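Asks: Take a look at this one; I'll ask things after.
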Amino acid sequence: MTLRSELSPPPFSVDAEGWVRRARHFPSPNYGSRSRAGSPPTLVVIHSISLPPGQFGGRAVEDLFTNRLDPSAHPSFESLRDLRVSAHFLIRREGTLTQFVSTDACAWHAGVSQWDGRQGCNDFSLGVELEGTDHTPFTEAQYGTLGALFEGLCARYPIQAITGHSDVAPGRKTDPGPHFDWVRWEESGYPVQLLRPKKARSG
Ligand SMILES: [Zn+2]
């Protein structure tokens, strides 16, 4: 299986301001300047998210990333009160792409994290959320959109690696979980380093 398939849309190109024109846009105030890091993004971090956990659809993820989530709307939302987080992209179960933060800015997706000896992955990474859970396979449409997005990001930035949130924040984060198909990236032919979960590597 390759990264791209006949289900994949054409590559998502990134415009001069760091926005994918073909994505839906929900601009988030939760971002920082990339100039502090002094370099373009070299890492793509894959996450999974669903709000409430395990429920797909709705607007809660968009609300969370734009600081509009109503903490009283669901018992699980109380712990998210006053959280200031974001990701660059969200890919819904049906493959829809939403963008929250320019790729030229730092989204607040990785938290305390480390990759290749560097702390604070937000400074030098792009965060992509897949709507899902640690316990559910992702959809073909999501892989199709992710592949097309990845192509556009690689065309714009010197991406060196793609990895999971659990790999840059081990012991603290578990997403995207064991169902994420790293083999697609291994077989994609992209000159990127893969940081696969240790279990998947040995099995
Ligand atoms: Zn995550």
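Chain identifiers are assigned as A, B, and so on, following the order in which chains appear in the structure tokens; residues are numbered from 1 within each chain, and ligands are numbered from 1 in order of appearance.
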If you count only C-alpha atoms and all ligand atoms, which residues end up within 8 Å of ligand 1, as an MDAnalysis selection string?

Replies: chainID A and resid 46:49 109:110 129 164:166 173:176

Asks: Could those residues be written to a file, using C-alpha atoms, as a JSON list (two decimals), in the first residue's frame?

Replies:
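So selection.json came out as:
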```
[["chain", "number", "residue", "atom", "x", "y", "z"],
["A", 46, "ILE", "CA", 0.44, 13.09, 14.19],
["A", 47, "HIS", "CA", -2.24, 13.25, 16.88],
["A", 48, "SER", "CA", -5.72, 11.88, 17.36],
["A", 49, "ILE", "CA", -8.60, 13.68, 19.02],
["A", 109, "HIS", "CA", -0.10, 20.90, 19.98],
["A", 110, "ALA", "CA", 2.89, 18.99, 21.36],
["A", 129, "GLU", "CA", -4.95, 15.93, 14.35],
["A", 164, "GLY", "CA", 3.39, 10.37, 16.66],
["A", 165, "HIS", "CA", 2.63, 12.55, 19.67],
["A", 166, "SER", "CA", 3.30, 9.50, 21.83],
["A", 173, "LYS", "CA", 0.70, 10.96, 25.58],
["A", 174, "THR", "CA", -0.61, 7.86, 23.79],
["A", 175, "ASP", "CA", -2.01, 9.29, 20.56],
["A", 176, "PRO", "CA", -2.37, 8.52, 17.69]]
```

Asks: Among region 57-155 of chain A, which ones does DSSP assign to alpha helix (DSSP H) (computed from the backbone)? Answer as a PyMOL selection string.

Replies: chain A and resi 60-65+140-155

Asks: Give me the residues near region 63-68 of chain A as an MDAnalysis selection string, where near means some atom within 12 Å (using only C-alpha atoms) and where sequence neighbours in that chain fewer than 2 positions away do not count.

Replies: chainID A and resid 25:31 49:52 58:61 70:73 77:90 98:101 107:109 129

Asks: Using only C-alpha atoms, find the one residue out of A:Thr103, A:Gln55, A:Thr96, A:Ser35 that sits nearest to Gly144 (chain A).

Replies: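 Among A:Thr103, A:Gln55, A:Thr96, A:Ser35, it is A:Thr96 that comes nearest to Gly144 (chain A).
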
Asks: Between A:Val45, A:Leu153, A:Ser188, A:Ile159, which is the closest to Val128 (chain A) once you count only C-alpha atoms?

Replies: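 Smallest separation from Val128 (chain A) among the options: A:Val45.
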
Asks: Would you please extract all strand (DSSP E) residues from region 39-150 of chain A, as assigned by DSSP on the backbone, and give them as a PyMOL selection string?

Replies: chain A and resi 43-49+89-91+97-99+105-107+114-115+118-119+125-131
